[in-house]
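Below: one structure, written as structure tokens.
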Amino acid sequence: MRIVFMGTPLFAVASLKALVEDSFCKVVGVVTQPDRPKGRGKKIMESPVKIFAKEHGLPVLQPEKVKNPEAIELLRQLQPELIVVAAFGQFLPESILTMPKYGCIN
């Protein structure tokens, strides 16, 4: 099954890991929040989900606003059958919620 995963913090990595390890699932893309400055030095940091996705060779999308038409089109091009969301950090518009054949689960 073609799956797009949407998540950002360390909490979400366990769910993404389970999907990657399941032979029934094919994670075709990962959507996470854009890299942001963190800590005292305001150093730009990647999200834990992005780090995990890169380590596993998964394509990563980081739209500033997932409801933008460009972001929606990029998701559509991935042709997800299911979208799995775990602590993503943005509200999903109806156009994304109804995009995959089997819907979105949180």
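Scheme for the structure tokens: letters A, B, ... for chains in order shown; per-chain residue numbers from 1; ligand numbers from 1 in order shown.
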| task | Report as a count of residues only: the residues of segment 40-89 of chain A with a DSSP assignment of helix (DSSP H, G or I), based on the backbone of this structure. | result | 17
| said: Can you pull out the residues contacting Leu92 of chain A? Cut-off 8 Å, using only C-alpha atoms, and skip same-chain residues under 4 positions away; I want them as JSON, numbers by chain. | reply: {"A": [66, 67, 96, 97]}
Go ahead and write the residues just picked, N, CA, C and O atoms, as a CSV table (one decimal), in the first residue's frame.
chain,number,residue,atom,x,y,z
A,66,VAL,N,0.8,23.4,4.4
A,66,VAL,CA,0.4,22.2,3.6
A,66,VAL,C,-0.8,22.5,2.8
A,66,VAL,O,-1.1,21.8,1.8
A,67,LYS,N,-1.6,23.5,3.1
A,67,LYS,CA,-2.8,23.8,2.4
A,67,LYS,C,-2.5,24.6,1.1
A,67,LYS,O,-3.4,24.8,0.3
A,96,ILE,N,-6.8,17.3,1.1
A,96,ILE,CA,-5.8,16.3,1.5
A,96,ILE,C,-6.5,15.2,2.1
A,96,ILE,O,-6.2,14.0,1.9
A,97,LEU,N,-7.4,15.5,3.0
A,97,LEU,CA,-8.1,14.4,3.8
A,97,LEU,C,-8.9,13.4,2.8
A,97,LEU,O,-9.0,12.2,3.1
| said: Between A:Val84, A:Asp35, A:Val28, A:Ala71, which residue has the minimum interatomic distance to Val13 of chain A, considering only C-alpha atoms? | reply: A:Val84
Can you tell me which residues surround segment 47-61 of chain A at a distance of at most 9 Å, considering only C-alpha atoms, apart from same-chain residues fewer than 4 positions away, and format the answer as a compact mmCIF listing (two decimals) with all heavy atoms, in the first residue's frame?
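out-v3.txt was written with the following content:
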# COMPACT_ATOMS: atom_id res chain seq x y z
N MET A 6 2.91 11.86 7.64
CA MET A 6 3.01 13.27 8.02
C MET A 6 3.24 13.36 9.52
O MET A 6 2.39 12.92 10.30
CB MET A 6 1.74 14.03 7.62
CG MET A 6 1.44 13.95 6.14
SD MET A 6 -0.11 14.75 5.67
CE MET A 6 0.48 16.43 5.52
N GLY A 7 4.40 13.88 9.92
CA GLY A 7 4.73 14.01 11.33
C GLY A 7 5.97 14.85 11.51
O GLY A 7 6.69 15.11 10.54
N THR A 8 6.27 15.23 12.74
CA THR A 8 7.41 16.11 12.98
C THR A 8 8.26 15.70 14.18
O THR A 8 9.45 15.48 14.01
CB THR A 8 6.93 17.57 13.14
OG1 THR A 8 6.24 17.94 11.93
CG2 THR A 8 8.10 18.52 13.34
N PRO A 9 7.72 15.59 15.41
CA PRO A 9 8.60 15.39 16.57
C PRO A 9 9.04 13.93 16.74
O PRO A 9 8.60 13.02 16.02
CB PRO A 9 7.71 15.82 17.73
CG PRO A 9 6.34 15.46 17.29
CD PRO A 9 6.32 15.71 15.80
N LEU A 10 9.88 13.74 17.73
CA LEU A 10 10.39 12.40 18.05
C LEU A 10 9.26 11.41 18.30
O LEU A 10 9.35 10.24 17.92
CB LEU A 10 11.32 12.50 19.28
CG LEU A 10 12.02 11.22 19.70
CD1 LEU A 10 12.88 10.67 18.56
CD2 LEU A 10 12.86 11.47 20.94
N PHE A 11 8.18 11.89 18.92
CA PHE A 11 7.01 11.04 19.19
C PHE A 11 6.54 10.32 17.92
O PHE A 11 6.11 9.18 17.96
CB PHE A 11 5.89 11.91 19.76
CG PHE A 11 4.55 11.24 19.78
CD1 PHE A 11 4.21 10.37 20.81
CD2 PHE A 11 3.62 11.46 18.77
CE1 PHE A 11 2.97 9.74 20.82
CE2 PHE A 11 2.38 10.84 18.78
CZ PHE A 11 2.05 9.98 19.81
N ALA A 12 6.60 10.99 16.78
CA ALA A 12 6.08 10.45 15.52
C ALA A 12 7.01 9.44 14.87
O ALA A 12 6.59 8.66 14.01
CB ALA A 12 5.78 11.59 14.56
N VAL A 13 8.27 9.43 15.25
CA VAL A 13 9.25 8.55 14.60
C VAL A 13 8.88 7.08 14.77
O VAL A 13 9.03 6.28 13.84
CB VAL A 13 10.68 8.83 15.10
CG1 VAL A 13 11.67 7.80 14.56
CG2 VAL A 13 11.11 10.24 14.70
N LEU A 16 6.39 6.08 12.11
CA LEU A 16 7.03 6.00 10.80
C LEU A 16 7.90 4.76 10.71
O LEU A 16 7.88 4.06 9.70
CB LEU A 16 7.86 7.27 10.54
CG LEU A 16 8.65 7.31 9.24
CD1 LEU A 16 7.77 7.09 8.02
CD2 LEU A 16 9.41 8.63 9.13
N LYS A 17 8.64 4.47 11.76
CA LYS A 17 9.50 3.28 11.78
C LYS A 17 8.67 2.00 11.59
O LYS A 17 9.05 1.11 10.83
CB LYS A 17 10.25 3.22 13.11
CG LYS A 17 11.22 2.06 13.23
CD LYS A 17 11.98 2.16 14.57
CE LYS A 17 13.06 1.12 14.67
NZ LYS A 17 12.59 -0.19 15.05
N VAL A 20 7.73 1.72 7.94
CA VAL A 20 8.90 1.38 7.10
C VAL A 20 9.23 -0.11 7.24
O VAL A 20 9.60 -0.77 6.26
CB VAL A 20 10.10 2.27 7.49
CG1 VAL A 20 11.39 1.75 6.88
CG2 VAL A 20 9.85 3.70 7.05
N VAL A 27 6.23 3.36 2.03
CA VAL A 27 6.20 4.78 2.35
C VAL A 27 6.78 5.52 1.15
O VAL A 27 7.96 5.42 0.85
CB VAL A 27 6.97 5.10 3.65
CG1 VAL A 27 6.92 6.58 3.94
CG2 VAL A 27 6.39 4.31 4.82
N VAL A 28 5.92 6.26 0.45
CA VAL A 28 6.33 6.95 -0.78
C VAL A 28 6.71 8.40 -0.55
O VAL A 28 7.21 9.06 -1.46
CB VAL A 28 5.23 6.85 -1.87
CG1 VAL A 28 5.03 5.39 -2.29
CG2 VAL A 28 3.93 7.47 -1.41
N GLY A 29 6.49 8.89 0.66
CA GLY A 29 6.86 10.27 0.98
C GLY A 29 6.61 10.57 2.43
O GLY A 29 5.76 9.95 3.08
N VAL A 30 7.38 11.53 2.94
CA VAL A 30 7.25 11.98 4.32
C VAL A 30 7.10 13.49 4.29
O VAL A 30 7.88 14.19 3.64
CB VAL A 30 8.49 11.57 5.15
CG1 VAL A 30 8.43 12.18 6.54
CG2 VAL A 30 8.60 10.06 5.22
N VAL A 31 6.09 13.99 4.98
CA VAL A 31 5.86 15.43 5.08
C VAL A 31 6.10 15.83 6.53
O VAL A 31 5.54 15.22 7.45
CB VAL A 31 4.42 15.81 4.66
CG1 VAL A 31 4.23 17.31 4.70
CG2 VAL A 31 4.10 15.26 3.27
N THR A 32 6.95 16.82 6.71
CA THR A 32 7.28 17.29 8.06
C THR A 32 7.42 18.80 8.04
O THR A 32 7.49 19.41 6.97
CB THR A 32 8.57 16.60 8.57
OG1 THR A 32 8.75 16.88 9.95
CG2 THR A 32 9.79 17.01 7.78
N GLN A 33 7.44 19.40 9.21
CA GLN A 33 7.56 20.85 9.31
C GLN A 33 8.92 21.30 8.78
O GLN A 33 9.90 20.56 8.86
CB GLN A 33 7.42 21.29 10.77
CG GLN A 33 6.05 21.07 11.35
CD GLN A 33 5.00 21.96 10.72
OE1 GLN A 33 5.22 23.13 10.47
NE2 GLN A 33 3.85 21.39 10.42
N PRO A 34 8.98 22.52 8.25
CA PRO A 34 10.27 23.04 7.78
C PRO A 34 11.29 23.12 8.93
O PRO A 34 10.92 23.25 10.09
CB PRO A 34 9.92 24.45 7.28
CG PRO A 34 8.46 24.40 6.98
CD PRO A 34 7.88 23.45 7.98
N ASP A 35 12.56 23.03 8.57
CA ASP A 35 13.63 23.18 9.55
C ASP A 35 13.49 24.55 10.22
O ASP A 35 13.20 25.54 9.55
CB ASP A 35 15.00 23.07 8.88
CG ASP A 35 15.19 21.73 8.18
OD1 ASP A 35 14.46 20.77 8.50
OD2 ASP A 35 16.07 21.64 7.31
N ARG A 36 13.69 24.58 11.52
CA ARG A 36 13.50 25.81 12.28
C ARG A 36 14.69 26.05 13.22
O ARG A 36 15.34 25.10 13.66
CB ARG A 36 12.24 25.71 13.14
CG ARG A 36 10.99 25.36 12.36
CD ARG A 36 10.00 26.48 12.40
NE ARG A 36 8.71 26.05 11.92
CZ ARG A 36 8.19 26.46 10.79
NH1 ARG A 36 8.83 27.30 10.01
NH2 ARG A 36 7.00 26.04 10.40
N ALA A 71 1.85 22.52 -2.47
CA ALA A 71 2.04 21.40 -1.56
C ALA A 71 1.02 20.30 -1.83
O ALA A 71 1.36 19.11 -1.84
CB ALA A 71 1.94 21.86 -0.11
N LEU A 74 2.07 18.42 -4.93
CA LEU A 74 3.19 17.51 -4.66
C LEU A 74 2.70 16.23 -3.98
O LEU A 74 3.14 15.13 -4.32
CB LEU A 74 4.25 18.19 -3.80
CG LEU A 74 5.09 19.26 -4.48
CD1 LEU A 74 5.96 19.99 -3.46
CD2 LEU A 74 5.96 18.65 -5.58
N LEU A 75 1.77 16.38 -3.05
CA LEU A 75 1.18 15.20 -2.41
C LEU A 75 0.42 14.34 -3.42
O LEU A 75 0.53 13.11 -3.42
CB LEU A 75 0.23 15.62 -1.29
CG LEU A 75 0.86 15.97 0.04
CD1 LEU A 75 -0.18 16.54 0.98
CD2 LEU A 75 1.51 14.76 0.65
Would you list, as a CSV table (one decimal) with N, CA, C and O atoms, in the first residue's frame, the residues of chain A that end up in strand (DSSP E) under DSSP run on this structure's backbone?
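Okay, out32.csv is ready:
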chain,number,residue,atom,x,y,z
A,2,ARG,N,0.6,2.2,-0.8
A,2,ARG,CA,1.3,3.5,-1.0
A,2,ARG,C,0.9,4.4,0.2
A,2,ARG,O,-0.3,4.8,0.2
A,3,ILE,N,1.9,4.8,1.0
A,3,ILE,CA,1.6,5.6,2.2
A,3,ILE,C,2.4,6.8,2.2
A,3,ILE,O,3.6,6.8,1.9
A,4,VAL,N,1.7,7.9,2.5
A,4,VAL,CA,2.5,9.2,2.8
A,4,VAL,C,2.3,9.4,4.4
A,4,VAL,O,1.2,9.2,4.9
A,5,PHE,N,3.5,9.6,5.0
A,5,PHE,CA,3.5,9.8,6.4
A,5,PHE,C,3.7,11.3,6.7
A,5,PHE,O,4.5,12.0,6.1
A,6,MET,N,2.9,11.9,7.6
A,6,MET,CA,3.0,13.3,8.0
A,6,MET,C,3.2,13.4,9.5
A,6,MET,O,2.4,12.9,10.3
A,7,GLY,N,4.4,13.9,9.9
A,7,GLY,CA,4.7,14.0,11.3
A,7,GLY,C,6.0,14.8,11.5
A,7,GLY,O,6.7,15.1,10.5
A,26,LYS,N,4.4,0.7,1.7
A,26,LYS,CA,5.5,1.3,0.9
A,26,LYS,C,5.3,2.8,1.2
A,26,LYS,O,4.4,3.5,0.7
A,27,VAL,N,6.2,3.4,2.0
A,27,VAL,CA,6.2,4.8,2.4
A,27,VAL,C,6.8,5.5,1.2
A,27,VAL,O,8.0,5.4,0.9
A,28,VAL,N,5.9,6.3,0.5
A,28,VAL,CA,6.3,6.9,-0.8
A,28,VAL,C,6.7,8.4,-0.5
A,28,VAL,O,7.2,9.1,-1.5
A,29,GLY,N,6.5,8.9,0.7
A,29,GLY,CA,6.9,10.3,1.0
A,29,GLY,C,6.6,10.6,2.4
A,29,GLY,O,5.8,9.9,3.1
A,30,VAL,N,7.4,11.5,2.9
A,30,VAL,CA,7.2,12.0,4.3
A,30,VAL,C,7.1,13.5,4.3
A,30,VAL,O,7.9,14.2,3.6
A,31,VAL,N,6.1,14.0,5.0
A,31,VAL,CA,5.9,15.4,5.1
A,31,VAL,C,6.1,15.8,6.5
A,31,VAL,O,5.5,15.2,7.5
A,36,ARG,N,13.7,24.6,11.5
A,36,ARG,CA,13.5,25.8,12.3
A,36,ARG,C,14.7,26.1,13.2
A,36,ARG,O,15.3,25.1,13.7
A,37,PRO,N,14.9,27.3,13.6
A,37,PRO,CA,16.0,27.6,14.6
A,37,PRO,C,15.5,27.1,16.0
A,37,PRO,O,14.4,27.3,16.3
A,38,LYS,N,16.5,26.5,16.7
A,38,LYS,CA,16.2,26.0,18.0
A,38,LYS,C,17.3,26.3,19.0
A,38,LYS,O,18.5,26.4,18.5
A,43,LYS,N,20.2,27.7,16.2
A,43,LYS,CA,20.8,26.9,15.1
A,43,LYS,C,19.6,26.2,14.4
A,43,LYS,O,18.7,25.7,15.0
A,44,ILE,N,19.6,26.2,13.0
A,44,ILE,CA,18.6,25.5,12.3
A,44,ILE,C,18.7,24.0,12.5
A,44,ILE,O,19.8,23.4,12.3
A,45,MET,N,17.6,23.5,12.9
A,45,MET,CA,17.5,22.0,13.2
A,45,MET,C,16.5,21.3,12.4
A,45,MET,O,15.4,21.8,12.1
A,60,VAL,N,11.4,13.6,1.3
A,60,VAL,CA,10.9,14.5,2.3
A,60,VAL,C,10.4,15.7,1.7
A,60,VAL,O,11.0,16.4,0.9
A,61,LEU,N,9.1,16.1,2.1
A,61,LEU,CA,8.6,17.4,1.7
A,61,LEU,C,8.4,18.2,3.0
A,61,LEU,O,8.0,17.7,4.0
A,82,LEU,N,-3.1,5.9,1.3
A,82,LEU,CA,-3.4,6.2,2.7
A,82,LEU,C,-2.4,7.3,3.2
A,82,LEU,O,-1.2,7.2,2.8
A,83,ILE,N,-2.9,8.2,4.0
A,83,ILE,CA,-2.0,9.1,4.6
A,83,ILE,C,-2.1,8.9,6.1
A,83,ILE,O,-3.2,8.8,6.7
A,84,VAL,N,-1.0,8.7,6.8
A,84,VAL,CA,-0.9,8.5,8.2
A,84,VAL,C,-0.3,9.7,8.8
A,84,VAL,O,0.8,10.2,8.4
A,85,VAL,N,-1.0,10.3,9.8
A,85,VAL,CA,-0.6,11.5,10.5
A,85,VAL,C,-0.3,11.3,11.9
A,85,VAL,O,-1.1,10.6,12.6
A,86,ALA,N,0.8,11.7,12.4
A,86,ALA,CA,1.2,11.6,13.8
A,86,ALA,C,1.9,12.9,14.3
A,86,ALA,O,3.1,13.1,13.9
A,104,CYS,N,-7.3,9.3,5.5
A,104,CYS,CA,-6.2,9.7,6.4
A,104,CYS,C,-6.5,9.1,7.8
A,104,CYS,O,-7.7,9.2,8.2
A,105,ILE,N,-5.5,8.7,8.5
A,105,ILE,CA,-5.7,8.3,9.8
A,105,ILE,C,-4.7,9.0,10.7
A,105,ILE,O,-3.6,9.4,10.3
